[in-house]
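What follows is a single structure, written as structure tokens, with notes after it.
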Amino acid sequence: MEGVEMETARPVQHSGDDFCAAVISQFSNRSNEHHTHVCNSIGTMSQELIDLNLPRTAAVYFRVTCSSLDRLSSSTDAAGHLIDAMLTILSLVVDRYPLSALKTQHAYLSELLTRVLRIKSIGVDGLVPAIKCISRLLIVSEKAGWEDVAQLYGFLVSYMTDDRPKVRKQSHLYLREVLQYFQSAPVLAPASETITNVLERFLLIAGGSKENVSEEPKGAQELLYILDALKICLPYMSSKSSTTILNYFKTLLQLRYPMITRRISDGLNAMCLHSVGELSAEVLVDLLCSLATSVSSDESSGDSITFTCRLLDTGMKKVYSLDRQICVVKLPVVFSALQDVLVSEHEEALVAAVATFKSLIDSCIDESLIKQGVDEITVGANSGPRKSGSVIEKVCATVESLLSYHYEAVLDMSFQIVSTMFDKLGSKYSSYFLKKTLESLAEMQNSPDGDVTFRKQLHECIGTALGAMGPENFLSVLPLKLEAEDLTESNHWLFPILKQYTVGADLNFFTTLILPMVGKMKRKSAVLQQEGKTYSARSADGIVYSLWSLLPSFCNYPVDTAESFKGLKIELCTALKEEPDVRGIICSSLQILIQQNKRILEGKENTPNTEIGISEKRAIALYTAEVAGSNLTTLKSSARDLLVVLTGVYSESSKETGGILLSAISELASISDKKVVTLFFKKTMQNLLKLTKEAGIQRNSSKSDSMQIDNSSHEDSLSTARAQLFDLAVSFLPGLNCEEIDVLFVAAENVLKDTDGLIQKKAYRVLSLIFQHSDDYISRNLEKVLSLMIEVLPSCHFSAKRYRLDCLYFLIIHVSKEGSEQRRQEITASFLTEIVLALKEANKKTRNRAYEILVQIGHACGDEEKGGQKEKLAHFFNMVAGGLAGETPHMISAAMTGLARLAYEFSDLVSAAYNVLPSTFLLLQRKNKEIVKANLGLLKVLVAKSQAESLQTHLRSMVEGLLNWQDSTKNHFKAKVKLLLEMLVKKCGLNAVTEVMPEEHMKLLKNIRKLKERKEKKRSAKSVEDKSVISKATTSRSRWNHTKIFSDFGDDEEMNSDDEFEDKNSISTRRTKYSSALQSKATMLRTKRTRKAAKSLQEDSFDQLDDEPLDLLDRQKTRSALRSSQLVNKKPDSDDDEPFLDSEGRIVVQEDGKYKKLDRKKKREMPSDETDELDGRRSEAGSHLSRNTQKRRRTSESGYAYTGKEYSSKKAGGDVMRKDKLEPYAYWPLDHKMVSRRPEHRAAARKGMSSVVQLAKKLQGRSVASALSVNGVLRGKGKKKGNQKKR
């Protein structure tokens, strides 16, 4: 409200001389009559001061205003608007009046305001500033006695119940401000008691009045006004008065009036959040429990329930801080109330209830409460059954009940609460209180797929339980049951959960429990194989692999590495030798162990840019520097034995498994003793030297004897062995000293000119790793390395270029960090041409690496954090642009490609790239396809990265250059030119492009406009929800994609300009985000029908064949009954969707399954060879139709698919009339081609639909028999025509 804001806001401080101007400026609204009176009054007052030659200071204005009010209060016919104006001026000048002077004038001003406020002609515009003046006087007299402020304070309190909203609102605000200043003053108690007395008085008035049908009870409205004031004032009242008012609140809550309940809730919320005094925890918790028990989804609104849930969260935390014991005793009552909210129909209330559940579990359930419950369970187990459970048992029982069928519609939210409770109890206590809860989760998992809607959330909940309890306690409650005869009865579904959520486990548990299971399953597989049960044997082998796949999870921050790894090492060495399938798993586990402990010891962040769960945080907290050091010492003592085994099996490994073995060897070398690493390195180099000599002899002999038989296979094996040894040697690099690195460098240097591409590739890889890990080596041998790189360039094999680029990159980065600017430019210039030319490599990895190096060099030049400057970046850009002066089209196009990549990465270079535009348009005239592609790619990047203002400057030259080139050349890039114009239209607008478009090309622009309008119509036809979800999913910028930028654009005519830089990964990510957004939206939007169905049992549809009644306390039976009631009309038959093929491969159509038994009988009589062949064709056909059959199966299982089989005849084909049924009708099934983007698909779908509609029109009004006869005639005519054609 304008007046309220005007009066409450403090004006800008001015000097006394400027006071008049400030008032006139503030009240400049001439349409407001009160503003006019204020301006006139202050103007008259200022003019009088000028006439009297008095200073226009705040003190003078204060005295003049007070004297004017004194005179007006004594007059019997004083104008009300004049008093209002003077009170307004007084409220403004009080802010500028010194506090010391105001204290001296306190008595006089108080008496003056008392007289003025008794004048009945004062309006709202005068009362509001008068209340402000009263609050200022009360604030400056906070240390005075109650007798001095009682009268003014009484005036302020009296306006709490004023009928005028503006006055009442201001009185509430200033009353709160006064109470805040009274906190440390002795007047707080009587001031608070005054408000309490007012509340009591109106309670008596409202309670003692007799209600009339046509009239509200007296004092009821005033009571609401007081409650509004208490919403903001209650936190600042004295403890005694607050307790008294809270007791009155408890009585008022029993009335169950929504208006009163909401105001009391607001007051309690403010009190819990902002209370500065002491509160009675007992009274507060009683009020909160009264509110909790009053929550009912049938009587309360969604907003009321939501607010109450949030109040319970804030209030119980406040009670816990005041008196823990009172809080924990009432927790079961609060949790029970929140439990009832979860069956409500209000989505916001559900979210608030879940948040309160989780917050109270984290805040109010402490270690002592849990231990108390454990002690009671222990004592009860020894002394016998107890009468009632502990508080924590009651809370856990409430949490467990959230998994019952009543909460089936909100199971995803129930899982969140259960997960929070598991995390709170942890590994020590979860097995005491949540054992049955975990069993209930397992029952839900073992139920059919259709019984659990939130399967993914269920797995996450079970995973949280696993992380909290630990695998040992978890598997004691839910064993794997691998000892079962039928492996399908085992809990194999636990393997993915164990693999994903195990953290902080015991390695000893894996050694003593999991590995013996591996041995049992191996023996069982061998027995099954001997018995000829191949499928079961393979299943057992799969379980063996699944058990081994748990090892990386058990190595994720284990708690007993120092104590238990030596025992595990023996089993690992044996498995590495005997089981090739699990070598990758073991190597990954070793890497995890070593890397985690090294990061802890080095003080690095363990999981950067990722969110970790509570169980993982708990496990990481146990890892101190001392623990990590002890773990690495144990791993170091076992490294020799592991290296012996790993290097032994590496020579036998394949290309696919060799990489993970080398990674494990490298990690072990980084922590092993230097002597051990040196021993393995020397042995490897000796073997490499031996094979190199053998390869040289083989090559010389093949050259000298031209008649010798080709030994290419032997040379290939030698080459492969040498390559393996190079990889093995460089894997020891983290543990080598300077002399050994020199030896490794010399070995790689000697084969850089080798004609064998594989050996050369490995040699460059060795150099790149040396340069990457050893800056010291580059510093010592920089000149030698630079000359070597230039010397071996002509003999570089194309397969080795990627690793050669790595070498160049590390050299350039090293010089950029340690060398001079001139030296950096010289080295960069010497290798830049090679890097730029690599942008045109056919090998995708080499090309991408060249792009990365170009960008990384740009960052090294331009990032100020790394010592770069914008001038260096611009200079580097100009160096790349120098390639445009090349002689060959290959060099020119490569330079243009590099410029495009740099402009795409660095926004500062876009303006520099515009300087290349004249050269770009000149190069377009060369009519070289390679150059044209690169130039158009650069233009595409500039249009995409530039702002509309920058494009406007160069718009005419770009459009004319593109269109002139298009006219003068017969080319294949018209689609790309059109796409560029579309992007320009989108960025700059259609009108701007029209102004610079030549007249002869206006048709092209017209076509672009039509296409744009068509797209906008399609976009507007989509629903708002789909549009918002898609827009959120597609706003992220995708990474650089060479193919999209520099493609021939043969298929780009239909491509949206927004998707120019998206690769396949980004598109799939966008679809994933879109689908996940829709799924999350569907999860949150639950209809009333669903919740009512979840809350009520359909007793009418239960199977009543059994004599005994349904036990509603048995959760499994209840779920089965609900499921049977929901599927009473659903009879899915999986065989209906699988096509049946005859011996010649033709599909046999079966109607309603009446030929099914006969076909199966025939199939049994067929020979086994024909049966297998038939099954093979059948599965092949099923694989092609799997997507469509799945759609049809889902439809049929949902109970909504209509087949029309009630009209089918058992004696003949076609449909027949049925009694009390409609006439049979033809229908055309929905075809996905109708919504296809391709016009030919839509035309085919419409053609089928039109044939049905035409036939229906011909048969309109006929009976079924006549229609069938006509249909037969039509079919006969068709056959006759066909026969005539054949003749």
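Chain labels A, B, ... are given in the sequence in which chains occur in the structure tokens; within each chain residues are numbered consecutively from 1, and ligands are likewise numbered from 1 in the order shown.
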Open item on the list: Considering only helix (DSSP H, G or I) as DSSP defines it on the backbone, what residues of segment 414-587 of chain A qualify? List them as a PyMOL selection string.
Closed with: chain A and resi 414-433+435-446+449-451+455-469+471-477+487-489+494-501+507-530+534-548+551-554+561-578+580-587
Open item on the list: If we count only C-alpha atoms and set the cut-off at 7 Å, which residues sit around Asp412 of chain A, ignoring sequence neighbours fewer than 3 positions away in its own chain? Please answer as a list in words.
Closed with: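 Here the qualifying residues turn out to be Phe415, Gln416, Phe454 and Gln457 of chain A.
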Task: Contacts of Asn878 of chain A at 12 Å (only C-alpha atoms; same-chain gap of 5+ positions) as an NGL selection string - done: :A and (825 or 829 or 832 or 858 or 871-873 or 883-885 or 895-896 or 898-899 or 902-903 or 909 or 912-913 or 915-916)
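Residues in contact with Ile600 of chain A at 8 Å, where only C-alpha atoms are counted and same-chain residues fewer than 6 positions away are skipped, are listed as Asn606, Tyr623, Thr624, Ala625 and Ala628 of chain A.
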Open item on the list: For Ser304 of chain A, find every residue with an atom within 9 Å (counting only C-alpha atoms), except residues of its own chain fewer than 4 positions away, and show them as a list in words.
Closed with: Pro258, Arg262, Val295, Ser300, Thr308, Cys309 and Ala349 of chain A
Open item on the list: For a quick check of understanding, using only C-alpha atoms, which of A:Leu279, A:Leu268, A:Ala948, A:Cys20 has the smallest distance to Ser241 of chain A?
Closed with: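 Closest to Ser241 of chain A, using only C-alpha atoms: A:Leu279.
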TODO: Pick out the residues sitting within 9 Å of segment 87-94 of chain A, and hand them over as number ranges by chain; count only C-alpha atoms, and ignore anything fewer than 5 positions along from it in its own chain.
DONE: A: 7, 10-11, 19, 23, 38, 41-42, 58-59, 61-62, 65-66, 69, 82, 99, 102, 125-133, 136
